[in-house]
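File shown: run.csv. Contents: CSV, C-alpha atoms.
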chain,number,residue,atom,x,y,z
Y,1,MET,CA,87.2,96.2,55.0
Y,2,SER,CA,86.7,92.9,56.6
Y,3,ASN,CA,83.2,91.5,57.1
Y,4,ALA,CA,84.3,89.2,59.9
Y,5,LEU,CA,82.9,90.1,63.3
Y,6,PRO,CA,85.2,90.1,66.4
Y,7,ALA,CA,85.2,87.3,68.9
Y,8,CYS,CA,83.2,87.9,72.1
Y,9,PRO,CA,85.3,89.9,74.7
Y,10,ALA,CA,83.7,88.0,77.6
Y,11,CYS,CA,84.1,84.4,76.5
Y,12,SER,CA,86.3,84.5,73.3
Y,13,GLU,CA,83.8,82.6,71.2
Y,14,ALA,CA,83.7,83.5,67.5
Y,15,TYR,CA,79.9,83.1,67.1
Y,16,THR,CA,79.0,86.8,67.4
Y,17,TYR,CA,76.2,88.3,65.4
Y,18,GLU,CA,74.9,91.9,64.9
Y,19,GLN,CA,71.6,93.0,66.5
Y,20,GLY,CA,71.0,96.6,65.5
Y,21,ALA,CA,74.0,98.7,66.7
Y,22,LEU,CA,75.2,96.0,69.1
Y,23,LEU,CA,77.2,92.8,68.7
Y,24,VAL,CA,75.8,89.8,70.6
Y,25,CYS,CA,77.4,86.5,71.7
Y,26,PRO,CA,74.9,83.6,71.7
Y,27,MET,CA,77.2,81.5,73.9
Y,28,CYS,CA,77.3,83.8,77.0
Y,29,GLY,CA,74.7,86.5,76.2
Y,30,HIS,CA,77.2,89.3,76.3
Y,31,GLU,CA,76.3,92.4,74.3
Y,32,TRP,CA,78.6,95.2,73.3
Y,33,SER,CA,79.2,98.0,70.8
Y,34,GLU,CA,81.9,97.5,68.1
Y,35,ALA,CA,83.1,101.1,68.6
Y,36,VAL,CA,83.7,100.4,72.3
Y,37,GLU,CA,85.4,97.1,71.4
Y,38,GLU,CA,87.9,99.0,69.2
Y,39,GLU,CA,88.6,101.7,71.8
Y,40,THR,CA,89.2,99.0,74.5
Y,41,ALA,CA,91.5,97.0,72.3
Y,42,ASP,CA,93.6,100.1,71.6
Y,43,ALA,CA,93.8,101.0,75.3
Y,44,VAL,CA,94.8,97.4,76.3
Y,45,SER,CA,97.5,97.0,73.7
Y,46,VAL,CA,99.3,100.2,75.0
Y,47,ALA,CA,99.0,99.2,78.7
Y,48,VAL,CA,100.1,95.5,78.7
Y,49,LYS,CA,103.9,94.8,78.8
Y,50,ASP,CA,105.7,91.5,79.3
Y,51,SER,CA,108.0,90.6,82.2
Y,52,VAL,CA,110.9,92.6,80.6
Y,53,GLY,CA,109.0,95.6,79.5
Y,54,ASN,CA,108.2,94.9,75.9
Y,55,PRO,CA,104.7,96.0,74.8
Y,56,LEU,CA,102.4,93.2,73.9
Y,57,ALA,CA,99.7,93.2,71.2
Y,58,ASP,CA,97.0,90.8,69.9
Y,59,GLY,CA,98.5,88.1,67.8
Y,60,ASP,CA,102.0,88.2,69.3
Y,61,THR,CA,104.0,85.1,70.1
Y,62,ILE,CA,105.3,84.7,73.7
Y,63,THR,CA,107.2,82.2,75.8
Y,64,ILE,CA,106.6,81.3,79.4
Y,65,ALA,CA,109.2,82.9,81.6
Y,66,LYS,CA,108.7,80.7,84.7
Y,67,ASP,CA,107.1,77.4,85.5
Y,68,LEU,CA,103.3,77.8,86.1
Y,69,LYS,CA,101.3,75.3,88.2
Y,70,VAL,CA,97.9,74.8,86.5
Y,71,LYS,CA,94.9,74.6,88.8
Y,72,GLY,CA,91.8,72.8,87.6
Y,73,SER,CA,90.7,69.5,86.2
Y,74,GLY,CA,94.0,68.1,84.9
Y,75,GLY,CA,96.5,70.1,86.8
Y,76,GLY,CA,100.2,69.9,85.7
Y,77,THR,CA,102.9,72.5,85.1
Y,78,VAL,CA,103.5,74.7,82.1
Y,79,LYS,CA,107.3,74.6,81.7
Y,80,VAL,CA,109.6,77.6,81.1
Y,81,GLY,CA,110.2,78.2,77.4
Y,82,THR,CA,106.8,76.9,76.3
Y,83,LYS,CA,106.0,78.9,73.1
Y,84,VAL,CA,102.4,80.3,72.8
Y,85,LYS,CA,101.3,81.8,69.5
Y,86,GLY,CA,98.4,84.2,68.7
Y,87,ILE,CA,97.7,85.7,72.1
Y,88,ARG,CA,94.7,87.9,72.8
Y,89,LEU,CA,94.8,90.8,75.3
Y,90,ILE,CA,91.9,91.1,77.6
Y,91,THR,CA,90.6,93.6,80.2
Y,92,ASP,CA,88.2,91.5,82.2
Y,93,GLY,CA,90.4,88.5,83.1
Y,94,VAL,CA,90.3,86.7,86.4
Y,95,GLY,CA,92.3,88.7,88.9
Y,96,ASP,CA,95.2,90.3,87.2
Y,97,HIS,CA,95.3,87.9,84.2
Y,98,ASP,CA,95.5,90.0,81.1
Y,99,ILE,CA,96.3,87.5,78.3
Y,100,ASP,CA,94.0,84.9,76.8
Y,101,ALA,CA,95.8,82.2,74.9
Y,102,THR,CA,95.9,78.5,73.8
Y,103,VAL,CA,98.8,76.9,75.6
Y,104,PRO,CA,100.1,73.7,73.8
Y,105,GLY,CA,99.2,70.6,75.9
Y,106,PHE,CA,96.9,72.6,78.2
Y,107,GLY,CA,94.3,74.3,76.0
Y,108,ARG,CA,92.7,77.7,76.4
Y,109,MET,CA,93.8,79.7,79.6
Y,110,GLN,CA,94.4,83.1,80.9
Y,111,LEU,CA,98.0,84.2,81.7
Y,112,LYS,CA,99.6,87.1,83.6
Y,113,SER,CA,101.8,89.4,81.5
Y,114,SER,CA,104.3,89.3,84.3
Y,115,VAL,CA,105.2,85.7,83.6
Y,116,VAL,CA,105.7,85.8,79.8
Y,117,LYS,CA,108.3,87.2,77.4
Y,118,LYS,CA,107.5,88.4,73.9
Y,119,VAL,CA,109.3,86.6,71.1
Y,120,LEU,CA,111.1,89.3,69.1
Now that the file is in, can you turn its structure into structure tokens?
Amino acid sequence: MSNALPACPACSEAYTYEQGALLVCPMCGHEWSEAVEEETADAVSVAVKDSVGNPLADGDTITIAKDLKVKGSGGGTVKVGTKVKGIRLITDGVGDHDIDATVPGFGRMQLKSSVVKKVL
């Protein structure tokens, strides 16, 4: 059994700590129960599929299926075929974004499962 605590589901930071029966994130103040976290992760992994219907899970490697214009500070475009390793599925993403990942050259961002393909 691992002693490592899960990352915060709200902000993805790894600095969580236990406070009684709850887990707490000191970065954003989010509090949650570890049992709820496990149930949510199971439900998300079943529901999220890539653009061609392959089921996605935490830790999968994906490629971008279409050019994505990046809004924000630097802007730019994530090109088709960009490989993204170690994705994390989320339920509380902005709009219908359901993947949290670190995209090479752009950093941490949320993606829609409809614009990615799972690397088999």
(message) Show me, as a PyMOL selection string, the residues that have an atom within 7 Å of stretch 102-117 of chain Y when counting all atoms listed in the file, minus same-chain residues fewer than 2 positions from it.
(response) chain Y and resi 48-52+62-66+84+96-100+119
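The residue that comes closest to Y:Glu34, out of Y:Gly93, Y:Gly86, Y:Gly20, Y:Gly76 and on the basis of all atoms listed in the file, is Y:Gly20.
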(message) At a cut-off of 9 Å, using all atoms listed in the file, what residues contact Y:Tyr17? Leave out same-chain residues fewer than 5 positions from it and give the result as a PyMOL selection string.
(response) chain Y and resi 5+22-26
